[in-house]
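Asker: Below is a structure I'd like to ask you about.
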Number of protein chains: 2
Amino acid sequence: MTDTKKLGRPRTFDYDEALMQAMSVFWTKGYDGASLRDLTQAMGITGPSLYAAFGDKRELYLKTIDLYADVDGCAPVVAFETEEDITKAIKGFLSEVVHYATEHESGAKGCFLASSVVTTVGQVEGVAERVEAAIEDTEKRLAARFDREIEKGTLPADFPSRERAALLYDLRQGYMFRGRAGWSGERMQQDLDSRIQMLLSH
Amino acid sequence: MTDTKKLGRPRTFDYDEALMQAMSVFWTKGYDGASLRDLTQAMGITGPSLYAAFGDKRELYLKTIDLYADVDGCAPVVAFETEEDITKAIKGFLSEVVHYATEHESGAKGCFLASSVVTTVGQVEGVAERVEAAIEDTEKRLAARFDREIEKGTLPADFPSRERAALLYDLRQGYMFRGRAGWSGERMQQDLDSRIQMLLSH
DNA sequence: CTGATTATATATCGATTGATACATAACTAT
DNA sequence: ATAGTTATGTATCAATCGATATATAATCAG
């Protein structure tokens with residue numbers, strides 16, 4: 001935050017882009033599967049540079065998780081929040097999830113946090129808090145969107161926002177899993193409409 | 001199958017139990033995280049014995065997946081199939097899932113296949129087919145249970161069995177994820193009744 | 001300029017990885 | 001008994017692991 005000082009030789013690579021590449025490697029190969037060689041090669045830097053800029057492997061890993069949570073992880077949620085019509089909002093959320101589950105620019109599939117990071121909860125210190133915080137944060141945002149609809153009057157006052165938010169999140173998990181398992185986007189779109197109807201039923 | 005021959009020195013350890021221990025190690029530490037030392041130590045055998053009995057690390061891994069699919073993976077499904085009352089059957093399925101997600105005799109959490117194996121789909125040859133087959137098989141069994149209820153007349157003829165089976169499966173994924181993330185069983189039981197109602201609505 | 005500070009590249013560290021060679025032990029078949 | 005076959009234990013392989021020591025290059029303040 002307070003890195004106002006500029007001293008010594010400046011780094012010759014893009015910090016954020018290197019971090020993005022690191023995330024991609026962790027995503028596709030997992031924490032243990034990603035070797036320092038894999039990482040440095042993808043990031044375009046050498047070992048000592050990596051350690052100087054990001055710390056050790058674990059710290060780099062945590063930084064990629066934070067990057068994902070800030071930038072990459074909320075595309076479906078943003079789609080859900082910005083669309084005014086609630087039906088279209090849900091459709092947008094789920095469509096984004098399906099798209100996300102089946103193809104990602106990094107070449108990885110599924111959700112980095114939900115299908116890769118989560119496996120290192122008991123293994124890498126600092127991961128558990130981040131995963132739980134991600135669930136908490138996402139579900140709150142989803143529930144808030146439903147609540148807004150109640151205020152608008154398009155959903156009844158006793159609409160179970162929190163429950164439906166949790167359900168939406170679980171559907172997300174299912175799609176991510178199917179994506180990892182190799183399911184196509186078309187196949188997942190199949191039940192989309194009936195699921196939307198179900199999410200809004202009361 | 002046709003191992004009718006008995007020749008040479010017999011093995012001095014229990015094959016199935018050793019395989020179970022191996023599964024436990026893979027489950028808790030992941031594929032890459034599980035070292036040969038970890039495995040042989042937990043299995044109570046030496047390296048050469050492991051390679052003689054199970055092949056290399058990858059083959060051992062695939063064998064643990066098959067073991068899980070045959071024995072361990074279907075506890076919730078069996079609970080769903082055996083209970084006659086459909087409401088109680090769903091409750092049994094979900095309760096079993098929650099219990100499964102929060103505690104397991106091996107000390108691992110979540111579903112071995114859904115939260116651990118799935119991350120090695122693109123990494124270890126032979127895993128992808130097994131994961132897809134597991135989804136296919138489970139969803140068919142779940143749908144068949146709903147179909148039986150249609151035949152009994154307790155559910156309407158146009159009840160969407162396949163859709164609800166897929167939904168049930170996705171809920172399972174959600175619980176498994178939450179379990180990995182550290183959620184308690186009580187917390188997950190919260191929405192159970194309303195979810196059952198939703199699964200049976202038409 | 002000089003001195004201080006930081007990033008980079010080369011080379012390499014000890015430790016651990018997955019996997020075996022070898023000799024020995026224990027069993028079956030003849 | 002003898003030969004054939006398989007499992008086990010010891011000891012160890014080359015390769016790779018995560019991480020660093022060292023020297024050099026590039027920037028800053030003065």
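The way I read the labels, and the way they are meant: chains A, B, ... in the order of the structure tokens, residue 1 as the first residue of every chain, and ligand 1 as the first ligand shown, with later ones counted on from there.
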Within 9 Å of DA19 in chain C, counting only C-alpha atoms (C1' of nucleotides), which residues show up once you throw out same-chain ones fewer than 4 positions away? Write them as a list of chain:residue names, please.
Answerer: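 The contact residues come out as B:Gly47, B:Pro48, B:Tyr51, B:Asp56, D:DC13.
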Asker: Given only C-alpha atoms (C1' of nucleotides), how would the per-residue table for chain C near chain B read, listing every residue at most 6 Å away with its closest atom pair and distance in Å to one decimal, sorted by chain and number, as CSV?
Answerer:
```
residue,atom,partner,partner_atom,distance
C:DA26,C1',B:Arg9,CA,4.9
C:DC27,C1',B:Arg9,CA,4.2
C:DT28,C1',B:Leu7,CA,5.4
```
Asker: Identify every residue of chain D that has at least one atom within 6 Å of any atom of chain A, counting only C-alpha atoms (C1' of nucleotides), and report the result as a list of chain:residue names.
Answerer: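 Applying the cut-off to the listed atoms yields D:DA26, D:DT27, D:DC28.
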Asker: Print the selection's residues with N, CA and C atoms (P, O5', C5', C4', C3', O3' and C1' of nucleotides) to a file, as a short mmCIF file (atom, residue, chain, number, x, y, z; two decimals), in the first residue's frame.
Answerer:
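Result file is again24.cif:
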```
data_model
loop_
_atom_site.label_atom_id
_atom_site.label_comp_id
_atom_site.auth_asym_id
_atom_site.auth_seq_id
_atom_site.Cartn_x
_atom_site.Cartn_y
_atom_site.Cartn_z
P DA D 26 22.53 -3.03 -17.72
"O5'" DA D 26 21.56 -2.22 -16.74
"C5'" DA D 26 20.33 -2.82 -16.33
"C4'" DA D 26 19.71 -2.01 -15.22
"C3'" DA D 26 19.66 -0.50 -15.46
"O3'" DA D 26 18.34 -0.04 -15.19
"C1'" DA D 26 20.59 -0.96 -13.34
P DT D 27 17.76 1.24 -15.92
"O5'" DT D 27 17.77 2.33 -14.74
"C5'" DT D 27 16.63 2.54 -13.96
"C4'" DT D 27 16.98 2.67 -12.49
"C3'" DT D 27 17.16 4.09 -11.97
"O3'" DT D 27 15.91 4.70 -11.73
"C1'" DT D 27 18.57 2.45 -10.86
P DC D 28 15.80 6.27 -11.51
"O5'" DC D 28 16.26 6.48 -9.99
"C5'" DC D 28 15.39 6.13 -8.90
"C4'" DC D 28 16.13 6.16 -7.59
"C3'" DC D 28 16.59 7.55 -7.14
"O3'" DC D 28 15.63 8.11 -6.26
"C1'" DC D 28 18.35 5.90 -6.89
#
```
Asker: Using only C-alpha atoms, which of the listed residues (B:Ala144, B:Ile65, B:Val118, B:Val124) sits closest to chain A?
Answerer: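 Of B:Ala144, B:Ile65, B:Val118, B:Val124, the one nearest chain A, counting only C-alpha atoms, is B:Val118.
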Asker: Smallest atom-to-atom distance to Phe93 in chain B: which of B:Arg187, B:Arg145, B:Arg130, B:Arg178, using only C-alpha atoms?
Answerer: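 Between B:Arg187, B:Arg145, B:Arg130, B:Arg178, the residue approaching Phe93 in chain B most closely is B:Arg145.
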Asker: Which chain A residues have any atom within 7 Å of an atom of chain B, and for each, what is the nearest pair of atoms with distance in Å to one decimal, counting only C-alpha atoms, rows sorted by chain and number, as JSON lines?
Answerer:
```
{"residue": "A:Asp32", "atom": "CA", "partner": "B:Asp32", "partner_atom": "CA", "distance": 5.6}
{"residue": "A:Gly33", "atom": "CA", "partner": "B:Asp32", "partner_atom": "CA", "distance": 5.8}
{"residue": "A:Ser115", "atom": "CA", "partner": "B:Thr119", "partner_atom": "CA", "distance": 6.5}
{"residue": "A:Ser116", "atom": "CA", "partner": "B:Thr119", "partner_atom": "CA", "distance": 6.2}
{"residue": "A:Val118", "atom": "CA", "partner": "B:Arg180", "partner_atom": "CA", "distance": 6.7}
{"residue": "A:Thr119", "atom": "CA", "partner": "B:Ser116", "partner_atom": "CA", "distance": 6.3}
{"residue": "A:Val121", "atom": "CA", "partner": "B:Ala181", "partner_atom": "CA", "distance": 7.0}
{"residue": "A:Ala128", "atom": "CA", "partner": "B:Ala181", "partner_atom": "CA", "distance": 6.4}
{"residue": "A:Val131", "atom": "CA", "partner": "B:Ala181", "partner_atom": "CA", "distance": 6.2}
{"residue": "A:Glu132", "atom": "CA", "partner": "B:Ala181", "partner_atom": "CA", "distance": 5.8}
{"residue": "A:Glu163", "atom": "CA", "partner": "B:Asp191", "partner_atom": "CA", "distance": 6.6}
{"residue": "A:Asp170", "atom": "CA", "partner": "B:Gly174", "partner_atom": "CA", "distance": 4.3}
{"residue": "A:Leu171", "atom": "CA", "partner": "B:Asp170", "partner_atom": "CA", "distance": 5.6}
{"residue": "A:Gln173", "atom": "CA", "partner": "B:Gly174", "partner_atom": "CA", "distance": 5.5}
{"residue": "A:Gly174", "atom": "CA", "partner": "B:Asp170", "partner_atom": "CA", "distance": 4.2}
{"residue": "A:Arg180", "atom": "CA", "partner": "B:Val118", "partner_atom": "CA", "distance": 6.7}
{"residue": "A:Ala181", "atom": "CA", "partner": "B:Glu132", "partner_atom": "CA", "distance": 5.7}
{"residue": "A:Asp191", "atom": "CA", "partner": "B:Glu163", "partner_atom": "CA", "distance": 6.6}
```
